[in-house]
$ cat upload11.cif   # mmCIF, N, CA and C atoms
data_run
loop_
_atom_site.label_atom_id
_atom_site.label_comp_id
_atom_site.auth_asym_id
_atom_site.auth_seq_id
_atom_site.Cartn_x
_atom_site.Cartn_y
_atom_site.Cartn_z
N MET A 1 113.16 -93.48 -83.74
CA MET A 1 113.93 -92.58 -82.90
C MET A 1 112.99 -91.47 -82.42
N LYS A 2 113.15 -91.12 -81.16
CA LYS A 2 112.36 -90.04 -80.58
C LYS A 2 113.28 -88.87 -80.30
N ILE A 3 112.84 -87.67 -80.69
CA ILE A 3 113.59 -86.45 -80.42
C ILE A 3 112.71 -85.53 -79.58
N THR A 4 113.24 -85.06 -78.47
CA THR A 4 112.53 -84.10 -77.62
C THR A 4 113.30 -82.79 -77.67
N ILE A 5 112.60 -81.72 -78.01
CA ILE A 5 113.21 -80.39 -78.09
C ILE A 5 112.57 -79.51 -77.03
N ILE A 6 113.39 -78.97 -76.15
CA ILE A 6 112.92 -78.09 -75.09
C ILE A 6 113.50 -76.71 -75.34
N GLY A 7 112.64 -75.69 -75.33
CA GLY A 7 113.13 -74.33 -75.53
C GLY A 7 112.00 -73.34 -75.70
N PRO A 8 112.36 -72.10 -76.01
CA PRO A 8 111.35 -71.06 -76.16
C PRO A 8 110.42 -71.34 -77.34
N ASP A 9 109.20 -70.82 -77.25
CA ASP A 9 108.26 -70.94 -78.37
C ASP A 9 108.79 -70.15 -79.56
N ASP A 10 108.84 -70.80 -80.70
CA ASP A 10 109.29 -70.14 -81.92
C ASP A 10 108.51 -70.75 -83.07
N SER A 11 107.45 -70.07 -83.50
CA SER A 11 106.57 -70.62 -84.52
C SER A 11 107.27 -70.81 -85.85
N LYS A 12 108.21 -69.93 -86.20
CA LYS A 12 108.93 -70.08 -87.47
C LYS A 12 109.80 -71.32 -87.47
N LEU A 13 110.49 -71.55 -86.35
CA LEU A 13 111.33 -72.74 -86.23
C LEU A 13 110.46 -73.99 -86.32
N LEU A 14 109.36 -74.00 -85.60
CA LEU A 14 108.47 -75.16 -85.60
C LEU A 14 107.89 -75.40 -86.99
N GLU A 15 107.47 -74.35 -87.64
CA GLU A 15 106.91 -74.47 -88.99
C GLU A 15 107.94 -75.04 -89.95
N SER A 16 109.17 -74.55 -89.90
CA SER A 16 110.23 -75.07 -90.77
C SER A 16 110.49 -76.54 -90.48
N PHE A 17 110.56 -76.87 -89.21
CA PHE A 17 110.83 -78.25 -88.80
C PHE A 17 109.73 -79.18 -89.30
N LEU A 18 108.46 -78.78 -89.09
CA LEU A 18 107.33 -79.62 -89.49
C LEU A 18 107.20 -79.74 -91.00
N ASN A 19 107.65 -78.73 -91.73
CA ASN A 19 107.60 -78.77 -93.19
C ASN A 19 108.81 -79.46 -93.81
N GLY A 20 109.67 -80.02 -92.96
CA GLY A 20 110.82 -80.77 -93.46
C GLY A 20 111.97 -79.92 -93.94
N LYS A 21 111.93 -78.64 -93.63
CA LYS A 21 113.02 -77.76 -94.03
C LYS A 21 114.18 -77.92 -93.04
N PRO A 22 115.40 -77.74 -93.50
CA PRO A 22 116.53 -77.80 -92.57
C PRO A 22 116.46 -76.65 -91.56
N VAL A 23 116.76 -76.96 -90.33
CA VAL A 23 116.80 -75.93 -89.29
C VAL A 23 118.15 -75.97 -88.60
N SER A 24 118.60 -74.81 -88.16
CA SER A 24 119.86 -74.72 -87.45
C SER A 24 119.58 -74.16 -86.06
N PHE A 25 119.91 -74.94 -85.06
CA PHE A 25 119.71 -74.47 -83.69
C PHE A 25 120.80 -73.49 -83.28
N ALA A 26 121.82 -73.34 -84.09
CA ALA A 26 122.84 -72.33 -83.81
C ALA A 26 122.23 -70.93 -83.90
N GLU A 27 121.23 -70.80 -84.76
CA GLU A 27 120.55 -69.51 -84.92
C GLU A 27 119.46 -69.30 -83.87
N HIS A 28 119.10 -70.35 -83.17
CA HIS A 28 118.01 -70.30 -82.19
C HIS A 28 118.58 -70.71 -80.83
N LYS A 29 118.87 -69.76 -80.01
CA LYS A 29 119.50 -70.03 -78.71
C LYS A 29 118.47 -70.47 -77.68
N GLY A 30 118.94 -71.19 -76.67
CA GLY A 30 118.09 -71.57 -75.55
C GLY A 30 117.39 -72.91 -75.70
N TYR A 31 117.77 -73.70 -76.68
CA TYR A 31 117.14 -75.00 -76.90
C TYR A 31 118.02 -76.12 -76.38
N LYS A 32 117.36 -77.19 -75.92
CA LYS A 32 118.06 -78.42 -75.56
C LYS A 32 117.40 -79.52 -76.37
N ILE A 33 118.21 -80.39 -76.93
CA ILE A 33 117.71 -81.48 -77.76
C ILE A 33 118.08 -82.81 -77.10
N PHE A 34 117.09 -83.65 -76.92
CA PHE A 34 117.29 -84.97 -76.30
C PHE A 34 116.87 -86.05 -77.29
N VAL A 35 117.62 -87.14 -77.35
CA VAL A 35 117.34 -88.24 -78.26
C VAL A 35 116.91 -89.46 -77.45
N ASP A 36 115.90 -90.15 -77.99
CA ASP A 36 115.32 -91.35 -77.37
C ASP A 36 114.85 -91.03 -75.95
N ASP A 37 115.32 -91.75 -74.93
CA ASP A 37 114.83 -91.56 -73.56
C ASP A 37 115.70 -90.60 -72.75
N ALA A 38 116.57 -89.86 -73.41
CA ALA A 38 117.49 -88.98 -72.69
C ALA A 38 116.74 -87.93 -71.87
N TYR A 39 115.64 -87.39 -72.39
CA TYR A 39 114.89 -86.36 -71.66
C TYR A 39 114.28 -86.96 -70.39
N GLU A 40 113.63 -88.11 -70.54
CA GLU A 40 113.01 -88.76 -69.38
C GLU A 40 114.07 -89.14 -68.35
N ASN A 41 115.21 -89.65 -68.82
CA ASN A 41 116.29 -90.01 -67.91
C ASN A 41 116.82 -88.78 -67.18
N ASN A 42 116.92 -87.66 -67.90
CA ASN A 42 117.37 -86.41 -67.30
C ASN A 42 116.38 -85.94 -66.24
N GLN A 43 115.09 -86.03 -66.54
CA GLN A 43 114.06 -85.61 -65.59
C GLN A 43 114.09 -86.49 -64.34
N LYS A 44 114.25 -87.81 -64.52
CA LYS A 44 114.33 -88.71 -63.38
C LYS A 44 115.53 -88.38 -62.50
N LYS A 45 116.66 -88.08 -63.15
CA LYS A 45 117.86 -87.73 -62.41
C LYS A 45 117.64 -86.44 -61.61
N LEU A 46 117.00 -85.45 -62.23
CA LEU A 46 116.70 -84.20 -61.53
C LEU A 46 115.76 -84.43 -60.34
N GLU A 47 114.77 -85.31 -60.53
CA GLU A 47 113.85 -85.64 -59.43
C GLU A 47 114.60 -86.32 -58.29
N GLN A 48 115.53 -87.22 -58.62
CA GLN A 48 116.32 -87.89 -57.60
C GLN A 48 117.18 -86.89 -56.82
N ILE A 49 117.78 -85.95 -57.53
CA ILE A 49 118.61 -84.93 -56.89
C ILE A 49 117.74 -84.07 -55.97
N ALA A 50 116.56 -83.68 -56.45
CA ALA A 50 115.65 -82.87 -55.63
C ALA A 50 115.25 -83.62 -54.37
N GLN A 51 114.97 -84.91 -54.49
CA GLN A 51 114.61 -85.73 -53.34
C GLN A 51 115.77 -85.79 -52.34
N GLN A 52 116.98 -85.98 -52.85
CA GLN A 52 118.16 -86.04 -51.98
C GLN A 52 118.36 -84.72 -51.25
N LEU A 53 118.15 -83.60 -51.96
CA LEU A 53 118.30 -82.29 -51.34
C LEU A 53 117.25 -82.08 -50.24
N GLN A 54 116.03 -82.54 -50.48
CA GLN A 54 114.98 -82.43 -49.45
C GLN A 54 115.33 -83.25 -48.22
N GLU A 55 115.85 -84.45 -48.45
CA GLU A 55 116.25 -85.31 -47.33
C GLU A 55 117.40 -84.69 -46.55
N GLN A 56 118.38 -84.13 -47.27
CA GLN A 56 119.51 -83.48 -46.59
C GLN A 56 119.05 -82.26 -45.81
N ALA A 57 118.11 -81.50 -46.36
CA ALA A 57 117.59 -80.33 -45.67
C ALA A 57 116.88 -80.75 -44.38
N ALA A 58 116.12 -81.83 -44.44
CA ALA A 58 115.42 -82.32 -43.25
C ALA A 58 116.42 -82.78 -42.20
N GLU A 59 117.47 -83.47 -42.63
CA GLU A 59 118.52 -83.91 -41.69
C GLU A 59 119.22 -82.70 -41.07
N ASN A 60 119.51 -81.70 -41.89
CA ASN A 60 120.18 -80.50 -41.39
C ASN A 60 119.31 -79.77 -40.38
N LEU A 61 118.00 -79.72 -40.63
CA LEU A 61 117.08 -79.07 -39.70
C LEU A 61 117.04 -79.83 -38.37
N THR A 62 116.99 -81.15 -38.46
CA THR A 62 117.01 -81.97 -37.24
C THR A 62 118.29 -81.74 -36.46
N LEU A 63 119.41 -81.71 -37.16
CA LEU A 63 120.70 -81.48 -36.51
C LEU A 63 120.75 -80.09 -35.88
N ALA A 64 120.25 -79.09 -36.59
CA ALA A 64 120.24 -77.72 -36.06
C ALA A 64 119.38 -77.64 -34.81
N ASN A 65 118.24 -78.30 -34.81
CA ASN A 65 117.37 -78.31 -33.63
C ASN A 65 118.04 -79.01 -32.45
N THR A 66 118.74 -80.09 -32.72
CA THR A 66 119.46 -80.81 -31.67
C THR A 66 120.55 -79.93 -31.08
N ILE A 67 121.29 -79.24 -31.92
CA ILE A 67 122.36 -78.34 -31.45
C ILE A 67 121.75 -77.21 -30.62
N ARG A 68 120.63 -76.66 -31.09
CA ARG A 68 119.98 -75.57 -30.36
C ARG A 68 119.53 -76.04 -28.98
N LYS A 69 118.91 -77.21 -28.91
CA LYS A 69 118.44 -77.74 -27.62
C LYS A 69 119.61 -78.04 -26.70
N THR A 70 120.69 -78.61 -27.24
CA THR A 70 121.86 -78.94 -26.44
C THR A 70 122.51 -77.66 -25.91
N THR A 71 122.63 -76.66 -26.75
CA THR A 71 123.21 -75.38 -26.33
C THR A 71 122.36 -74.74 -25.25
N LYS A 72 121.07 -74.79 -25.41
CA LYS A 72 120.15 -74.22 -24.42
C LYS A 72 120.30 -74.93 -23.09
N THR A 73 120.39 -76.27 -23.14
CA THR A 73 120.55 -77.07 -21.92
C THR A 73 121.88 -76.74 -21.24
N LEU A 74 122.94 -76.61 -22.00
CA LEU A 74 124.25 -76.32 -21.42
C LEU A 74 124.29 -74.93 -20.78
N TRP A 75 123.59 -73.96 -21.36
CA TRP A 75 123.56 -72.62 -20.79
C TRP A 75 122.79 -72.59 -19.47
N HIS A 76 121.84 -73.49 -19.30
CA HIS A 76 121.04 -73.49 -18.07
C HIS A 76 121.66 -74.30 -16.96
N GLN A 77 122.77 -74.95 -17.21
CA GLN A 77 123.41 -75.75 -16.16
C GLN A 77 124.32 -74.92 -15.30
#

$ encode --input "upload11.cif" --output "structure tokens"
Amino acid sequence: MKITIIGPDDSKLLESFLNGKPVSFAEHKGYKIFVDDAYENNQKKLEQIAQQLQEQAAENLTLANTIRKTTKTLWHQ
């Protein structure tokens, strides 16, 4: 099993964890814990969302430019 822990640097927490002592993340705020490939899957999903947002932004810019050109043309008629 693979566990990925994302959060602030905390040497005491890390030391306890590495020494096999029980740790409670309730006392340590700001951490996310992922099991097996959950972290990688989450990162891939975020990358996909970012790509979709970039594509939508490009489409919106193209549409805005088309509207601007059309409006300009209509005003000159």

$ select_by_dssp --input "upload11.cif" --residues "chain A" --states "helix (DSSP H, G or I)" --output "VMD selection string"
chain A and resid 11 to 18 38 to 75

$ residues_around --input "upload11.cif" --residues "stretch 32-48 of chain A" --least-positions-apart "4" --cutoff "6.5 Å" --atoms "only N, CA and C atoms" --output "list of chain:residue names"
A:Met1, A:Lys2, A:Ile3, A:Thr4, A:Ile5, A:Ile6, A:Gly7, A:Gln52, A:Leu53

$ write_last_selection --input "upload11.cif" --atoms "N, CA and C atoms" --output "PDB file, in the frame of the given file"
ATOM      1  N   MET A   1     113.160 -93.480 -83.740  1.00  0.00           N
ATOM      2  CA  MET A   1     113.930 -92.580 -82.900  1.00  0.00           C
ATOM      3  C   MET A   1     112.990 -91.470 -82.420  1.00  0.00           C
ATOM      4  N   LYS A   2     113.150 -91.120 -81.160  1.00  0.00           N
ATOM      5  CA  LYS A   2     112.360 -90.040 -80.580  1.00  0.00           C
ATOM      6  C   LYS A   2     113.280 -88.870 -80.300  1.00  0.00           C
ATOM      7  N   ILE A   3     112.840 -87.670 -80.690  1.00  0.00           N
ATOM      8  CA  ILE A   3     113.590 -86.450 -80.420  1.00  0.00           C
ATOM      9  C   ILE A   3     112.710 -85.530 -79.580  1.00  0.00           C
ATOM     10  N   THR A   4     113.240 -85.060 -78.470  1.00  0.00           N
ATOM     11  CA  THR A   4     112.530 -84.100 -77.620  1.00  0.00           C
ATOM     12  C   THR A   4     113.300 -82.790 -77.670  1.00  0.00           C
ATOM     13  N   ILE A   5     112.600 -81.720 -78.010  1.00  0.00           N
ATOM     14  CA  ILE A   5     113.210 -80.390 -78.090  1.00  0.00           C
ATOM     15  C   ILE A   5     112.570 -79.510 -77.030  1.00  0.00           C
ATOM     16  N   ILE A   6     113.390 -78.970 -76.150  1.00  0.00           N
ATOM     17  CA  ILE A   6     112.920 -78.090 -75.090  1.00  0.00           C
ATOM     18  C   ILE A   6     113.500 -76.710 -75.340  1.00  0.00           C
ATOM     19  N   GLY A   7     112.640 -75.690 -75.330  1.00  0.00           N
ATOM     20  CA  GLY A   7     113.130 -74.330 -75.530  1.00  0.00           C
ATOM     21  C   GLY A   7     112.000 -73.340 -75.700  1.00  0.00           C
ATOM     22  N   GLN A  52     116.980 -85.980 -52.850  1.00  0.00           N
ATOM     23  CA  GLN A  52     118.160 -86.040 -51.980  1.00  0.00           C
ATOM     24  C   GLN A  52     118.360 -84.720 -51.250  1.00  0.00           C
ATOM     25  N   LEU A  53     118.150 -83.600 -51.960  1.00  0.00           N
ATOM     26  CA  LEU A  53     118.300 -82.290 -51.340  1.00  0.00           C
ATOM     27  C   LEU A  53     117.250 -82.080 -50.240  1.00  0.00           C
TER      28      LEU A  53
END

$ select_by_dssp --input "upload11.cif" --residues "chain A" --states "strand (DSSP E)" --output "PyMOL selection string"
chain A and resi 3-6+32-35

$ axis_aligned_box --input "upload11.cif" --around "stretch 16-28 of chain A" --padding-each-side "5 Å" --output "JSON"
{"center_x": 115.0, "center_y": -75.0, "center_z": -87.4, "size_x": 25.6, "size_y": 21.5, "size_z": 23.2}

$ atom_distance --input "upload11.cif" --atom1 "atom N of A:Glu27" --atom2 "atom N of A:Asp9"
14.2 Å

$ atom_distance --input "upload11.cif" --atom1 "atom N of A:Thr70" --atom2 "atom C of A:Ile49"
29.4 Å

$ atom_distance --input "upload11.cif" --atom1 "atom N of A:Leu74" --atom2 "atom N of A:Leu61"
19.5 Å

$ closest_residue --input "upload11.cif" --among "A:Glu15, A:Gln51, A:Lys72, A:Pro8" --to "A:Lys29" --atoms "only N, CA and C atoms"
A:Pro8

$ decode --input "upload11.cif" --residues "stretch 3-16 of chain A" --atoms "all heavy atoms" --output "PDB file, in the first residue's frame"
ATOM      1  N   ILE A   3       0.996   5.357   0.663  1.00  0.00           N
ATOM      2  CA  ILE A   3       0.310   6.482   1.286  1.00  0.00           C
ATOM      3  C   ILE A   3       1.062   7.758   0.916  1.00  0.00           C
ATOM      4  O   ILE A   3       2.279   7.825   1.082  1.00  0.00           O
ATOM      5  CB  ILE A   3       0.254   6.337   2.820  1.00  0.00           C
ATOM      6  CG1 ILE A   3      -0.551   5.096   3.199  1.00  0.00           C
ATOM      7  CG2 ILE A   3      -0.340   7.583   3.459  1.00  0.00           C
ATOM      8  CD1 ILE A   3      -0.544   4.794   4.672  1.00  0.00           C
ATOM      9  N   THR A   4       0.342   8.738   0.405  1.00  0.00           N
ATOM     10  CA  THR A   4       0.924  10.040   0.081  1.00  0.00           C
ATOM     11  C   THR A   4       0.304  11.066   1.013  1.00  0.00           C
ATOM     12  O   THR A   4      -0.921  11.169   1.106  1.00  0.00           O
ATOM     13  CB  THR A   4       0.635  10.430  -1.383  1.00  0.00           C
ATOM     14  OG1 THR A   4       1.132   9.392  -2.237  1.00  0.00           O
ATOM     15  CG2 THR A   4       1.293  11.751  -1.750  1.00  0.00           C
ATOM     16  N   ILE A   5       1.157  11.806   1.710  1.00  0.00           N
ATOM     17  CA  ILE A   5       0.693  12.832   2.648  1.00  0.00           C
ATOM     18  C   ILE A   5       1.162  14.181   2.121  1.00  0.00           C
ATOM     19  O   ILE A   5       2.352  14.392   1.918  1.00  0.00           O
ATOM     20  CB  ILE A   5       1.250  12.590   4.064  1.00  0.00           C
ATOM     21  CG1 ILE A   5       0.839  11.206   4.568  1.00  0.00           C
ATOM     22  CG2 ILE A   5       0.775  13.685   5.017  1.00  0.00           C
ATOM     23  CD1 ILE A   5       1.531  10.782   5.838  1.00  0.00           C
ATOM     24  N   ILE A   6       0.221  15.074   1.911  1.00  0.00           N
ATOM     25  CA  ILE A   6       0.519  16.418   1.428  1.00  0.00           C
ATOM     26  C   ILE A   6       0.133  17.400   2.526  1.00  0.00           C
ATOM     27  O   ILE A   6      -0.978  17.340   3.058  1.00  0.00           O
ATOM     28  CB  ILE A   6      -0.289  16.747   0.145  1.00  0.00           C
ATOM     29  CG1 ILE A   6      -0.037  15.695  -0.938  1.00  0.00           C
ATOM     30  CG2 ILE A   6       0.028  18.140  -0.351  1.00  0.00           C
ATOM     31  CD1 ILE A   6       1.370  15.647  -1.446  1.00  0.00           C
ATOM     32  N   GLY A   7       1.054  18.299   2.873  1.00  0.00           N
ATOM     33  CA  GLY A   7       0.735  19.286   3.894  1.00  0.00           C
ATOM     34  C   GLY A   7       1.960  20.077   4.305  1.00  0.00           C
ATOM     35  O   GLY A   7       3.038  19.925   3.731  1.00  0.00           O
ATOM     36  N   PRO A   8       1.789  20.918   5.316  1.00  0.00           N
ATOM     37  CA  PRO A   8       2.892  21.754   5.772  1.00  0.00           C
ATOM     38  C   PRO A   8       4.035  20.918   6.355  1.00  0.00           C
ATOM     39  O   PRO A   8       3.821  19.801   6.831  1.00  0.00           O
ATOM     40  CB  PRO A   8       2.267  22.632   6.860  1.00  0.00           C
ATOM     41  CG  PRO A   8       0.856  22.207   7.023  1.00  0.00           C
ATOM     42  CD  PRO A   8       0.567  21.110   6.069  1.00  0.00           C
ATOM     43  N   ASP A   9       5.247  21.459   6.286  1.00  0.00           N
ATOM     44  CA  ASP A   9       6.391  20.791   6.906  1.00  0.00           C
ATOM     45  C   ASP A   9       6.208  20.762   8.415  1.00  0.00           C
ATOM     46  O   ASP A   9       5.911  21.779   9.027  1.00  0.00           O
ATOM     47  CB  ASP A   9       7.694  21.515   6.566  1.00  0.00           C
ATOM     48  CG  ASP A   9       8.084  21.348   5.111  1.00  0.00           C
ATOM     49  OD1 ASP A   9       7.613  20.385   4.494  1.00  0.00           O
ATOM     50  OD2 ASP A   9       8.857  22.176   4.597  1.00  0.00           O
ATOM     51  N   ASP A  10       6.358  19.594   8.985  1.00  0.00           N
ATOM     52  CA  ASP A  10       6.245  19.440  10.433  1.00  0.00           C
ATOM     53  C   ASP A  10       7.211  18.338  10.842  1.00  0.00           C
ATOM     54  O   ASP A  10       6.898  17.146  10.739  1.00  0.00           O
ATOM     55  CB  ASP A  10       4.817  19.086  10.825  1.00  0.00           C
ATOM     56  CG  ASP A  10       4.598  19.039  12.330  1.00  0.00           C
ATOM     57  OD1 ASP A  10       5.581  18.836  13.078  1.00  0.00           O
ATOM     58  OD2 ASP A  10       3.446  19.191  12.752  1.00  0.00           O
ATOM     59  N   SER A  11       8.388  18.727  11.308  1.00  0.00           N
ATOM     60  CA  SER A  11       9.426  17.749  11.624  1.00  0.00           C
ATOM     61  C   SER A  11       9.019  16.813  12.754  1.00  0.00           C
ATOM     62  O   SER A  11       9.362  15.635  12.745  1.00  0.00           O
ATOM     63  CB  SER A  11      10.740  18.452  11.959  1.00  0.00           C
ATOM     64  OG  SER A  11      10.569  19.327  13.046  1.00  0.00           O
ATOM     65  N   LYS A  12       8.261  17.305  13.733  1.00  0.00           N
ATOM     66  CA  LYS A  12       7.833  16.443  14.843  1.00  0.00           C
ATOM     67  C   LYS A  12       6.873  15.367  14.357  1.00  0.00           C
ATOM     68  O   LYS A  12       6.968  14.210  14.752  1.00  0.00           O
ATOM     69  CB  LYS A  12       7.169  17.270  15.945  1.00  0.00           C
ATOM     70  CG  LYS A  12       8.142  18.111  16.737  1.00  0.00           C
ATOM     71  CD  LYS A  12       7.434  18.848  17.852  1.00  0.00           C
ATOM     72  CE  LYS A  12       8.413  19.699  18.639  1.00  0.00           C
ATOM     73  NZ  LYS A  12       7.759  20.394  19.748  1.00  0.00           N
ATOM     74  N   LEU A  13       5.941  15.756  13.498  1.00  0.00           N
ATOM     75  CA  LEU A  13       4.994  14.790  12.943  1.00  0.00           C
ATOM     76  C   LEU A  13       5.745  13.742  12.129  1.00  0.00           C
ATOM     77  O   LEU A  13       5.523  12.545  12.283  1.00  0.00           O
ATOM     78  CB  LEU A  13       3.954  15.493  12.065  1.00  0.00           C
ATOM     79  CG  LEU A  13       2.993  14.574  11.328  1.00  0.00           C
ATOM     80  CD1 LEU A  13       2.038  13.912  12.300  1.00  0.00           C
ATOM     81  CD2 LEU A  13       2.239  15.346  10.271  1.00  0.00           C
ATOM     82  N   LEU A  14       6.653  14.193  11.284  1.00  0.00           N
ATOM     83  CA  LEU A  14       7.419  13.276  10.442  1.00  0.00           C
ATOM     84  C   LEU A  14       8.270  12.335  11.294  1.00  0.00           C
ATOM     85  O   LEU A  14       8.314  11.129  11.047  1.00  0.00           O
ATOM     86  CB  LEU A  14       8.303  14.063   9.474  1.00  0.00           C
ATOM     87  CG  LEU A  14       9.105  13.246   8.475  1.00  0.00           C
ATOM     88  CD1 LEU A  14       8.187  12.390   7.623  1.00  0.00           C
ATOM     89  CD2 LEU A  14       9.936  14.169   7.598  1.00  0.00           C
ATOM     90  N   GLU A  15       8.918  12.876  12.293  1.00  0.00           N
ATOM     91  CA  GLU A  15       9.745  12.057  13.182  1.00  0.00           C
ATOM     92  C   GLU A  15       8.904  10.994  13.881  1.00  0.00           C
ATOM     93  O   GLU A  15       9.283   9.818  13.933  1.00  0.00           O
ATOM     94  CB  GLU A  15      10.433  12.944  14.222  1.00  0.00           C
ATOM     95  CG  GLU A  15      11.375  12.203  15.135  1.00  0.00           C
ATOM     96  CD  GLU A  15      12.048  13.126  16.149  1.00  0.00           C
ATOM     97  OE1 GLU A  15      12.105  14.346  15.917  1.00  0.00           O
ATOM     98  OE2 GLU A  15      12.497  12.600  17.181  1.00  0.00           O
ATOM     99  N   SER A  16       7.747  11.370  14.396  1.00  0.00           N
ATOM    100  CA  SER A  16       6.857  10.408  15.057  1.00  0.00           C
ATOM    101  C   SER A  16       6.420   9.324  14.083  1.00  0.00           C
ATOM    102  O   SER A  16       6.441   8.130  14.394  1.00  0.00           O
ATOM    103  CB  SER A  16       5.632  11.113  15.627  1.00  0.00           C
ATOM    104  OG  SER A  16       6.002  11.995  16.648  1.00  0.00           O
TER     105      SER A  16
END
